[in-house]
Amino acid sequence: MSSVIDRYAPLDPEILRDPYPVLAELRLSEPVFWHQGMGSWALTRYADSVRVLRDHATFARDPRRTGGTVPEPSLSVQTLDPPQQSRVRSLFMTALRAQDLTGLEDRARLLVRERLDQLAGAGAFDVMAEIAVPLSVAVVADLLGVEPPPYGEFAAVSDAIMRSMDGGLNPTLVEPGRVARQQLSALVDSWFTASSRPGLLTQVRQAVPPDSDASARLYVKNTARVMFQGGYSTMAAAVGNAVHTLLGHPGALEQMQDPALLATGVDELVRFDGPVQGTTRTAVRSCRIGGAVIEAGQKVVPLFAAANRDPAAFSRVDELVLDRSPNRHLGYGWGPHSCIGTTVAQAGLRSLVAALNDHPARLAAAGDGVRRRTATMRAFDTLPALLL
């Protein structure tokens, strides 16, 4: 008989459909386990996951600290550990705080409303292609102050990058991801040489002028690329997951007409079925997590999907609790390596829910969705729905 560890195959169709029962079993039987396919230790408890994300001295994000290398195009705020990371992250966070996020949310809400007007009464449509992708591209472009690239073309580039995150499970995904990053880098380079609308990128460019240190300019450009791609892919996945969750919980959407429940509910949607399934760190030195001895150089993967349903950290873990507060889920990561655009992602989800509630047509399912065959990002390829 196969063990529960053997049954945790992230790309298995049943796991893609619903990973939570197996993750719950693992949290009870083997909360820290070695996963041969990922070549890493996997963590299923919330406390263990937060410990790894907080302890930068022991668990490195930067591969160079453990003898690895980082290709130049990948040098960004997300590959640096504190304190080296602080200057670049602070630059982007300062620029983010200066943005008009209320205006951004209003424009996103209007965009969704216009899409819903076009889709209402026209039969079944794909939530991902018709709502998630346009909304996510538009919101991130609005934040940065750049012209949105064509939705379909950018979605294909982003998809290749997102799939390459699973290169450890499927090495054939690595090269297409590298090519896609080059394409996206060329787009970002054009933003730095052309004039931009007011936005985050304009502020960052002013803070790092062309005659500044070449290394600083490299990290800033690459971080802008990561922010655009990561913000888009995370938001698009979160939108699809949120719509799927709302369709499966009758009455939840209407309850979020209450502004207080809208504010807490968008975070609960991410806790309940979030987009990012985990992240990787490398042990700088030998240590112990639970009953497992982690050797120096071994990889450790906190599984956010498991941590976000840990009964030791959350009550009623398998229920959608719209007024959950506090809600310290790991859906956007944690600490210095958390998603820079978390507040923007929350604004995007609020705009989606608000627009759905504003519209006279009601959202309904139109069949089963197809999950994307990716392990790092939990997303839909297609999600059929109707507006009645």
# chains A, B, ... in the order shown; residues from 1 in each chain; ligands from 1
$ residues_around --residues "stretch 79-85 of chain A" --least-positions-apart "4" --cutoff "9 Å" --atoms "only C-alpha atoms" --output "PyMOL selection string"
chain A and resi 56-57+60-63+70+74-75+89-90+336-337
$ closest_atom_pairs --of "stretch 42-97 of chain A" --to "stretch 225-236 of chain A" --cutoff "9 Å" --atoms "only C-alpha atoms" --output "JSON lines"
{"residue": "A:Ser74", "atom": "CA", "partner": "A:Val226", "partner_atom": "CA", "distance": 8.8}
{"residue": "A:Ser76", "atom": "CA", "partner": "A:Val226", "partner_atom": "CA", "distance": 7.5}
{"residue": "A:Val77", "atom": "CA", "partner": "A:Val226", "partner_atom": "CA", "distance": 8.6}
{"residue": "A:Gln78", "atom": "CA", "partner": "A:Val226", "partner_atom": "CA", "distance": 8.1}
$ residues_around --residues "A:Arg109" --least-positions-apart "6" --cutoff "7 Å" --atoms "only C-alpha atoms" --output "ChimeraX atom specification"
/A:351-352,355
$ residues_around --residues "A:Val133" --least-positions-apart "6" --cutoff "12 Å" --atoms "only C-alpha atoms" --output "PDB file with all heavy atoms, in the first residue's frame"
ATOM      1  N   LEU A 111     -13.426  48.569 -15.310  1.00  0.00           N
ATOM      2  CA  LEU A 111     -13.034  47.626 -16.364  1.00  0.00           C
ATOM      3  C   LEU A 111     -13.830  46.329 -16.243  1.00  0.00           C
ATOM      4  O   LEU A 111     -14.338  45.813 -17.247  1.00  0.00           O
ATOM      5  CB  LEU A 111     -11.532  47.343 -16.287  1.00  0.00           C
ATOM      6  CG  LEU A 111     -10.943  46.386 -17.324  1.00  0.00           C
ATOM      7  CD1 LEU A 111      -9.497  46.764 -17.661  1.00  0.00           C
ATOM      8  CD2 LEU A 111     -10.966  44.925 -16.847  1.00  0.00           C
ATOM      9  N   VAL A 112     -13.930  45.795 -15.024  1.00  0.00           N
ATOM     10  CA  VAL A 112     -14.682  44.551 -14.828  1.00  0.00           C
ATOM     11  C   VAL A 112     -16.148  44.774 -15.176  1.00  0.00           C
ATOM     12  O   VAL A 112     -16.782  43.927 -15.820  1.00  0.00           O
ATOM     13  CB  VAL A 112     -14.540  44.030 -13.385  1.00  0.00           C
ATOM     14  CG1 VAL A 112     -15.380  42.770 -13.185  1.00  0.00           C
ATOM     15  CG2 VAL A 112     -13.082  43.719 -13.064  1.00  0.00           C
ATOM     16  N   ARG A 115     -16.547  44.641 -18.852  1.00  0.00           N
ATOM     17  CA  ARG A 115     -16.447  43.263 -19.357  1.00  0.00           C
ATOM     18  C   ARG A 115     -17.743  42.495 -19.072  1.00  0.00           C
ATOM     19  O   ARG A 115     -18.229  41.739 -19.921  1.00  0.00           O
ATOM     20  CB  ARG A 115     -15.264  42.526 -18.708  1.00  0.00           C
ATOM     21  CG  ARG A 115     -13.909  43.176 -18.840  1.00  0.00           C
ATOM     22  CD  ARG A 115     -13.358  43.186 -20.236  1.00  0.00           C
ATOM     23  NE  ARG A 115     -13.071  41.857 -20.752  1.00  0.00           N
ATOM     24  CZ  ARG A 115     -12.412  41.644 -21.893  1.00  0.00           C
ATOM     25  NH1 ARG A 115     -11.992  42.670 -22.619  1.00  0.00           N
ATOM     26  NH2 ARG A 115     -12.187  40.425 -22.320  1.00  0.00           N
ATOM     27  N   ASP A 126     -15.275  32.064 -20.695  1.00  0.00           N
ATOM     28  CA  ASP A 126     -14.164  31.603 -19.879  1.00  0.00           C
ATOM     29  C   ASP A 126     -13.732  32.737 -18.945  1.00  0.00           C
ATOM     30  O   ASP A 126     -13.262  33.780 -19.402  1.00  0.00           O
ATOM     31  CB  ASP A 126     -12.993  31.165 -20.769  1.00  0.00           C
ATOM     32  CG  ASP A 126     -11.759  30.745 -19.977  1.00  0.00           C
ATOM     33  OD1 ASP A 126     -11.893  30.474 -18.769  1.00  0.00           O
ATOM     34  OD2 ASP A 126     -10.663  30.702 -20.578  1.00  0.00           O
ATOM     35  N   VAL A 127     -13.893  32.532 -17.652  1.00  0.00           N
ATOM     36  CA  VAL A 127     -13.538  33.548 -16.663  1.00  0.00           C
ATOM     37  C   VAL A 127     -12.062  33.954 -16.791  1.00  0.00           C
ATOM     38  O   VAL A 127     -11.730  35.143 -16.653  1.00  0.00           O
ATOM     39  CB  VAL A 127     -13.817  33.022 -15.237  1.00  0.00           C
ATOM     40  CG1 VAL A 127     -13.220  33.954 -14.180  1.00  0.00           C
ATOM     41  CG2 VAL A 127     -15.314  32.848 -15.017  1.00  0.00           C
ATOM     42  N   VAL A 139      -4.465  46.058 -14.261  1.00  0.00           N
ATOM     43  CA  VAL A 139      -4.157  46.563 -12.916  1.00  0.00           C
ATOM     44  C   VAL A 139      -2.647  46.751 -12.746  1.00  0.00           C
ATOM     45  O   VAL A 139      -2.198  47.791 -12.243  1.00  0.00           O
ATOM     46  CB  VAL A 139      -4.727  45.612 -11.841  1.00  0.00           C
ATOM     47  CG1 VAL A 139      -4.098  45.902 -10.480  1.00  0.00           C
ATOM     48  CG2 VAL A 139      -6.239  45.752 -11.756  1.00  0.00           C
ATOM     49  N   VAL A 140      -1.856  45.776 -13.144  1.00  0.00           N
ATOM     50  CA  VAL A 140      -0.411  45.884 -12.951  1.00  0.00           C
ATOM     51  C   VAL A 140       0.165  46.971 -13.859  1.00  0.00           C
ATOM     52  O   VAL A 140       1.051  47.728 -13.451  1.00  0.00           O
ATOM     53  CB  VAL A 140       0.281  44.525 -13.184  1.00  0.00           C
ATOM     54  CG1 VAL A 140       1.777  44.650 -12.960  1.00  0.00           C
ATOM     55  CG2 VAL A 140      -0.295  43.464 -12.243  1.00  0.00           C
ATOM     56  N   PRO A 148      -0.608  48.791 -21.318  1.00  0.00           N
ATOM     57  CA  PRO A 148      -0.784  47.334 -21.178  1.00  0.00           C
ATOM     58  C   PRO A 148      -0.425  46.614 -22.474  1.00  0.00           C
ATOM     59  O   PRO A 148      -0.867  47.030 -23.547  1.00  0.00           O
ATOM     60  CB  PRO A 148      -2.279  47.185 -20.871  1.00  0.00           C
ATOM     61  CG  PRO A 148      -2.736  48.528 -20.429  1.00  0.00           C
ATOM     62  CD  PRO A 148      -1.871  49.526 -21.129  1.00  0.00           C
ATOM     63  N   PRO A 149       0.378  45.547 -22.408  1.00  0.00           N
ATOM     64  CA  PRO A 149       0.649  44.762 -23.607  1.00  0.00           C
ATOM     65  C   PRO A 149      -0.614  44.009 -24.030  1.00  0.00           C
ATOM     66  O   PRO A 149      -1.536  43.845 -23.227  1.00  0.00           O
ATOM     67  CB  PRO A 149       1.748  43.796 -23.160  1.00  0.00           C
ATOM     68  CG  PRO A 149       1.574  43.674 -21.683  1.00  0.00           C
ATOM     69  CD  PRO A 149       1.054  45.002 -21.219  1.00  0.00           C
ATOM     70  N   PRO A 150      -0.680  43.544 -25.285  1.00  0.00           N
ATOM     71  CA  PRO A 150      -1.845  42.763 -25.730  1.00  0.00           C
ATOM     72  C   PRO A 150      -2.086  41.583 -24.792  1.00  0.00           C
ATOM     73  O   PRO A 150      -1.159  40.834 -24.476  1.00  0.00           O
ATOM     74  CB  PRO A 150      -1.443  42.309 -27.131  1.00  0.00           C
ATOM     75  CG  PRO A 150      -0.434  43.315 -27.589  1.00  0.00           C
ATOM     76  CD  PRO A 150       0.317  43.730 -26.363  1.00  0.00           C
ATOM     77  N   TYR A 151      -3.332  41.431 -24.362  1.00  0.00           N
ATOM     78  CA  TYR A 151      -3.646  40.430 -23.345  1.00  0.00           C
ATOM     79  C   TYR A 151      -3.181  39.026 -23.734  1.00  0.00           C
ATOM     80  O   TYR A 151      -2.515  38.338 -22.954  1.00  0.00           O
ATOM     81  CB  TYR A 151      -5.158  40.408 -23.073  1.00  0.00           C
ATOM     82  CG  TYR A 151      -5.725  41.684 -22.533  1.00  0.00           C
ATOM     83  CD1 TYR A 151      -7.016  42.078 -22.858  1.00  0.00           C
ATOM     84  CD2 TYR A 151      -4.986  42.509 -21.685  1.00  0.00           C
ATOM     85  CE1 TYR A 151      -7.560  43.257 -22.358  1.00  0.00           C
ATOM     86  CE2 TYR A 151      -5.512  43.685 -21.194  1.00  0.00           C
ATOM     87  CZ  TYR A 151      -6.801  44.063 -21.533  1.00  0.00           C
ATOM     88  OH  TYR A 151      -7.325  45.220 -21.047  1.00  0.00           O
ATOM     89  N   GLY A 152      -3.565  38.579 -24.924  1.00  0.00           N
ATOM     90  CA  GLY A 152      -3.264  37.207 -25.336  1.00  0.00           C
ATOM     91  C   GLY A 152      -1.776  36.949 -25.438  1.00  0.00           C
ATOM     92  O   GLY A 152      -1.273  35.910 -24.979  1.00  0.00           O
ATOM     93  N   GLU A 153      -1.033  37.890 -26.039  1.00  0.00           N
ATOM     94  CA  GLU A 153       0.412  37.711 -26.195  1.00  0.00           C
ATOM     95  C   GLU A 153       1.100  37.649 -24.835  1.00  0.00           C
ATOM     96  O   GLU A 153       1.960  36.798 -24.596  1.00  0.00           O
ATOM     97  CB  GLU A 153       1.004  38.859 -27.021  1.00  0.00           C
ATOM     98  CG  GLU A 153       0.586  38.865 -28.479  1.00  0.00           C
ATOM     99  CD  GLU A 153       1.155  40.048 -29.227  1.00  0.00           C
ATOM    100  OE1 GLU A 153       2.193  40.587 -28.777  1.00  0.00           O
ATOM    101  OE2 GLU A 153       0.572  40.451 -30.241  1.00  0.00           O
ATOM    102  N   PHE A 154       0.723  38.572 -23.945  1.00  0.00           N
ATOM    103  CA  PHE A 154       1.379  38.583 -22.641  1.00  0.00           C
ATOM    104  C   PHE A 154       1.009  37.354 -21.830  1.00  0.00           C
ATOM    105  O   PHE A 154       1.851  36.799 -21.106  1.00  0.00           O
ATOM    106  CB  PHE A 154       1.023  39.843 -21.854  1.00  0.00           C
ATOM    107  CG  PHE A 154       1.712  39.874 -20.519  1.00  0.00           C
ATOM    108  CD1 PHE A 154       3.077  40.086 -20.439  1.00  0.00           C
ATOM    109  CD2 PHE A 154       1.008  39.626 -19.359  1.00  0.00           C
ATOM    110  CE1 PHE A 154       3.723  40.079 -19.210  1.00  0.00           C
ATOM    111  CE2 PHE A 154       1.637  39.610 -18.124  1.00  0.00           C
ATOM    112  CZ  PHE A 154       3.007  39.847 -18.054  1.00  0.00           C
ATOM    113  N   ALA A 155      -0.231  36.898 -21.939  1.00  0.00           N
ATOM    114  CA  ALA A 155      -0.642  35.700 -21.204  1.00  0.00           C
ATOM    115  C   ALA A 155       0.207  34.499 -21.600  1.00  0.00           C
ATOM    116  O   ALA A 155       0.576  33.671 -20.756  1.00  0.00           O
ATOM    117  CB  ALA A 155      -2.121  35.411 -21.451  1.00  0.00           C
ATOM    118  N   ALA A 156       0.557  34.392 -22.887  1.00  0.00           N
ATOM    119  CA  ALA A 156       1.379  33.271 -23.349  1.00  0.00           C
ATOM    120  C   ALA A 156       2.792  33.357 -22.782  1.00  0.00           C
ATOM    121  O   ALA A 156       3.380  32.344 -22.359  1.00  0.00           O
ATOM    122  CB  ALA A 156       1.422  33.254 -24.876  1.00  0.00           C
ATOM    123  N   SER A 158       3.705  34.974 -20.018  1.00  0.00           N
ATOM    124  CA  SER A 158       3.608  34.741 -18.578  1.00  0.00           C
ATOM    125  C   SER A 158       3.423  33.265 -18.259  1.00  0.00           C
ATOM    126  O   SER A 158       4.000  32.745 -17.298  1.00  0.00           O
ATOM    127  CB  SER A 158       2.437  35.545 -18.011  1.00  0.00           C
ATOM    128  OG  SER A 158       2.224  35.232 -16.655  1.00  0.00           O
ATOM    129  N   ASP A 159       2.625  32.585 -19.083  1.00  0.00           N
ATOM    130  CA  ASP A 159       2.373  31.164 -18.868  1.00  0.00           C
ATOM    131  C   ASP A 159       3.673  30.372 -18.936  1.00  0.00           C
ATOM    132  O   ASP A 159       3.918  29.483 -18.113  1.00  0.00           O
ATOM    133  CB  ASP A 159       1.385  30.656 -19.909  1.00  0.00           C
ATOM    134  CG  ASP A 159       1.070  29.179 -19.749  1.00  0.00           C
ATOM    135  OD1 ASP A 159       0.700  28.785 -18.626  1.00  0.00           O
ATOM    136  OD2 ASP A 159       1.190  28.434 -20.727  1.00  0.00           O
ATOM    137  N   GLN A 229       5.363  40.558 -14.034  1.00  0.00           N
ATOM    138  CA  GLN A 229       5.016  39.164 -14.278  1.00  0.00           C
ATOM    139  C   GLN A 229       4.407  38.509 -13.043  1.00  0.00           C
ATOM    140  O   GLN A 229       3.363  37.858 -13.121  1.00  0.00           O
ATOM    141  CB  GLN A 229       6.264  38.391 -14.731  1.00  0.00           C
ATOM    142  CG  GLN A 229       6.290  36.898 -14.405  1.00  0.00           C
ATOM    143  CD  GLN A 229       5.139  36.133 -15.022  1.00  0.00           C
ATOM    144  OE1 GLN A 229       4.535  36.599 -15.978  1.00  0.00           O
ATOM    145  NE2 GLN A 229       4.843  34.971 -14.476  1.00  0.00           N
ATOM    146  N   GLY A 231       3.106  39.953 -10.361  1.00  0.00           N
ATOM    147  CA  GLY A 231       1.830  40.560  -9.994  1.00  0.00           C
ATOM    148  C   GLY A 231       0.704  40.088 -10.887  1.00  0.00           C
ATOM    149  O   GLY A 231      -0.383  39.754 -10.416  1.00  0.00           O
ATOM    150  N   TYR A 232       0.988  40.031 -12.189  1.00  0.00           N
ATOM    151  CA  TYR A 232      -0.028  39.565 -13.136  1.00  0.00           C
ATOM    152  C   TYR A 232      -0.416  38.111 -12.869  1.00  0.00           C
ATOM    153  O   TYR A 232      -1.593  37.775 -12.734  1.00  0.00           O
ATOM    154  CB  TYR A 232       0.461  39.710 -14.578  1.00  0.00           C
ATOM    155  CG  TYR A 232      -0.291  38.800 -15.516  1.00  0.00           C
ATOM    156  CD1 TYR A 232      -1.568  39.124 -15.959  1.00  0.00           C
ATOM    157  CD2 TYR A 232       0.248  37.565 -15.892  1.00  0.00           C
ATOM    158  CE1 TYR A 232      -2.288  38.260 -16.766  1.00  0.00           C
ATOM    159  CE2 TYR A 232      -0.467  36.701 -16.703  1.00  0.00           C
ATOM    160  CZ  TYR A 232      -1.734  37.044 -17.135  1.00  0.00           C
ATOM    161  OH  TYR A 232      -2.439  36.175 -17.916  1.00  0.00           O
ATOM    162  N   SER A 233       0.582  37.214 -12.833  1.00  0.00           N
ATOM    163  CA  SER A 233       0.275  35.784 -12.736  1.00  0.00           C
ATOM    164  C   SER A 233      -0.407  35.441 -11.416  1.00  0.00           C
ATOM    165  O   SER A 233      -1.334  34.626 -11.380  1.00  0.00           O
ATOM    166  CB  SER A 233       1.552  34.942 -12.913  1.00  0.00           C
ATOM    167  OG  SER A 233       2.506  35.240 -11.920  1.00  0.00           O
ATOM    168  N   THR A 234       0.042  36.089 -10.331  1.00  0.00           N
ATOM    169  CA  THR A 234      -0.580  35.828  -9.034  1.00  0.00           C
ATOM    170  C   THR A 234      -2.018  36.325  -9.014  1.00  0.00           C
ATOM    171  O   THR A 234      -2.924  35.636  -8.529  1.00  0.00           O
ATOM    172  CB  THR A 234       0.229  36.502  -7.906  1.00  0.00           C
ATOM    173  OG1 THR A 234       1.569  35.996  -7.928  1.00  0.00           O
ATOM    174  CG2 THR A 234      -0.382  36.218  -6.547  1.00  0.00           C
ATOM    175  N   MET A 235      -2.237  37.533  -9.546  1.00  0.00           N
ATOM    176  CA  MET A 235      -3.591  38.076  -9.538  1.00  0.00           C
ATOM    177  C   MET A 235      -4.525  37.283 -10.439  1.00  0.00           C
ATOM    178  O   MET A 235      -5.670  36.989 -10.065  1.00  0.00           O
ATOM    179  CB  MET A 235      -3.593  39.547  -9.946  1.00  0.00           C
ATOM    180  CG  MET A 235      -4.944  40.212  -9.719  1.00  0.00           C
ATOM    181  SD  MET A 235      -4.992  41.942 -10.250  1.00  0.00           S
ATOM    182  CE  MET A 235      -3.672  42.614  -9.282  1.00  0.00           C
ATOM    183  N   ALA A 236      -4.059  36.922 -11.639  1.00  0.00           N
ATOM    184  CA  ALA A 236      -4.914  36.154 -12.552  1.00  0.00           C
ATOM    185  C   ALA A 236      -5.313  34.823 -11.922  1.00  0.00           C
ATOM    186  O   ALA A 236      -6.474  34.404 -11.999  1.00  0.00           O
ATOM    187  CB  ALA A 236      -4.195  35.927 -13.877  1.00  0.00           C
ATOM    188  N   ALA A 237      -4.335  34.146 -11.285  1.00  0.00           N
ATOM    189  CA  ALA A 237      -4.647  32.882 -10.618  1.00  0.00           C
ATOM    190  C   ALA A 237      -5.606  33.101  -9.459  1.00  0.00           C
ATOM    191  O   ALA A 237      -6.560  32.336  -9.264  1.00  0.00           O
ATOM    192  CB  ALA A 237      -3.360  32.220 -10.126  1.00  0.00           C
ATOM    193  N   ALA A 238      -5.376  34.175  -8.684  1.00  0.00           N
ATOM    194  CA  ALA A 238      -6.237  34.467  -7.535  1.00  0.00           C
ATOM    195  C   ALA A 238      -7.659  34.780  -7.976  1.00  0.00           C
ATOM    196  O   ALA A 238      -8.627  34.370  -7.319  1.00  0.00           O
ATOM    197  CB  ALA A 238      -5.664  35.632  -6.728  1.00  0.00           C
ATOM    198  N   VAL A 239      -7.815  35.499  -9.097  1.00  0.00           N
ATOM    199  CA  VAL A 239      -9.151  35.813  -9.606  1.00  0.00           C
ATOM    200  C   VAL A 239      -9.897  34.536  -9.970  1.00  0.00           C
ATOM    201  O   VAL A 239     -11.062  34.342  -9.599  1.00  0.00           O
ATOM    202  CB  VAL A 239      -9.056  36.761 -10.821  1.00  0.00           C
ATOM    203  CG1 VAL A 239     -10.398  36.829 -11.560  1.00  0.00           C
ATOM    204  CG2 VAL A 239      -8.628  38.151 -10.378  1.00  0.00           C
ATOM    205  N   GLY A 240      -9.236  33.644 -10.709  1.00  0.00           N
ATOM    206  CA  GLY A 240      -9.880  32.388 -11.079  1.00  0.00           C
ATOM    207  C   GLY A 240     -10.259  31.559  -9.869  1.00  0.00           C
ATOM    208  O   GLY A 240     -11.395  31.040  -9.779  1.00  0.00           O
ATOM    209  N   GLY A 348      -7.367  44.591  -6.536  1.00  0.00           N
ATOM    210  CA  GLY A 348      -7.908  43.937  -7.719  1.00  0.00           C
ATOM    211  C   GLY A 348      -9.039  42.985  -7.387  1.00  0.00           C
ATOM    212  O   GLY A 348     -10.065  42.947  -8.083  1.00  0.00           O
ATOM    213  N   ALA A 379      -3.762  27.458 -10.354  1.00  0.00           N
ATOM    214  CA  ALA A 379      -4.542  28.320 -11.239  1.00  0.00           C
ATOM    215  C   ALA A 379      -5.412  27.467 -12.152  1.00  0.00           C
ATOM    216  O   ALA A 379      -5.208  26.249 -12.295  1.00  0.00           O
ATOM    217  CB  ALA A 379      -3.605  29.192 -12.075  1.00  0.00           C
ATOM    218  N   PHE A 380      -6.344  28.123 -12.781  1.00  0.00           N
ATOM    219  CA  PHE A 380      -7.175  27.479 -13.802  1.00  0.00           C
ATOM    220  C   PHE A 380      -6.648  27.809 -15.181  1.00  0.00           C
ATOM    221  O   PHE A 380      -6.196  28.927 -15.436  1.00  0.00           O
ATOM    222  CB  PHE A 380      -8.632  27.962 -13.710  1.00  0.00           C
ATOM    223  CG  PHE A 380      -9.434  27.310 -12.622  1.00  0.00           C
ATOM    224  CD1 PHE A 380      -9.556  27.910 -11.372  1.00  0.00           C
ATOM    225  CD2 PHE A 380     -10.058  26.090 -12.851  1.00  0.00           C
ATOM    226  CE1 PHE A 380     -10.297  27.303 -10.377  1.00  0.00           C
ATOM    227  CE2 PHE A 380     -10.804  25.470 -11.855  1.00  0.00           C
ATOM    228  CZ  PHE A 380     -10.925  26.080 -10.605  1.00  0.00           C
ATOM    229  N   ASP A 381      -6.724  26.830 -16.081  1.00  0.00           N
ATOM    230  CA  ASP A 381      -6.524  27.098 -17.507  1.00  0.00           C
ATOM    231  C   ASP A 381      -7.797  27.709 -18.074  1.00  0.00           C
ATOM    232  O   ASP A 381      -7.761  28.710 -18.784  1.00  0.00           O
ATOM    233  CB  ASP A 381      -6.171  25.802 -18.272  1.00  0.00           C
ATOM    234  CG  ASP A 381      -4.698  25.701 -18.564  1.00  0.00           C
ATOM    235  OD1 ASP A 381      -4.020  26.737 -18.637  1.00  0.00           O
ATOM    236  OD2 ASP A 381      -4.207  24.566 -18.711  1.00  0.00           O
ATOM    237  N   THR A 382      -8.914  27.080 -17.753  1.00  0.00           N
ATOM    238  CA  THR A 382     -10.226  27.573 -18.182  1.00  0.00           C
ATOM    239  C   THR A 382     -11.216  27.401 -17.041  1.00  0.00           C
ATOM    240  O   THR A 382     -11.128  26.451 -16.261  1.00  0.00           O
ATOM    241  CB  THR A 382     -10.754  26.823 -19.429  1.00  0.00           C
ATOM    242  OG1 THR A 382     -10.836  25.427 -19.130  1.00  0.00           O
ATOM    243  CG2 THR A 382      -9.848  27.047 -20.624  1.00  0.00           C
TER     244      THR A 382
END
$ atom_distance --atom1 "atom CA of A:Pro360" --atom2 "atom CA of A:Leu143"
28.9 Å
$ atom_distance --atom1 "atom CA of A:Gly333" --atom2 "atom CA of A:Ala375"
15.8 Å
$ closest_residue --among "A:His329, A:Gln36, A:Leu104, A:Asp323" --to "A:Leu135" --atoms "only C-alpha atoms"
A:Leu104
$ select_by_dssp --residues "stretch 140-287 of chain A" --states "strand (DSSP E)" --output "MDAnalysis selection string"
chainID A and resid 281:283 287
$ write_last_selection --atoms "C-alpha atoms" --output "PDB file, in the first residue's frame"
ATOM      1  CA  ARG A 281      14.757  28.127   0.589  1.00  0.00           C
ATOM      2  CA  THR A 282      18.145  26.451   0.996  1.00  0.00           C
ATOM      3  CA  ALA A 283      19.624  25.590   4.387  1.00  0.00           C
ATOM      4  CA  CYS A 287      19.414  22.424  11.546  1.00  0.00           C
TER       5      CYS A 287
END
$ atom_distance --atom1 "atom CA of A:Leu26" --atom2 "atom CA of A:Leu320"
21.8 Å
$ closest_residue --among "A:Leu247, A:His35, A:Pro171, A:Lys221" --to "A:Leu363" --atoms "only C-alpha atoms"
A:Leu247
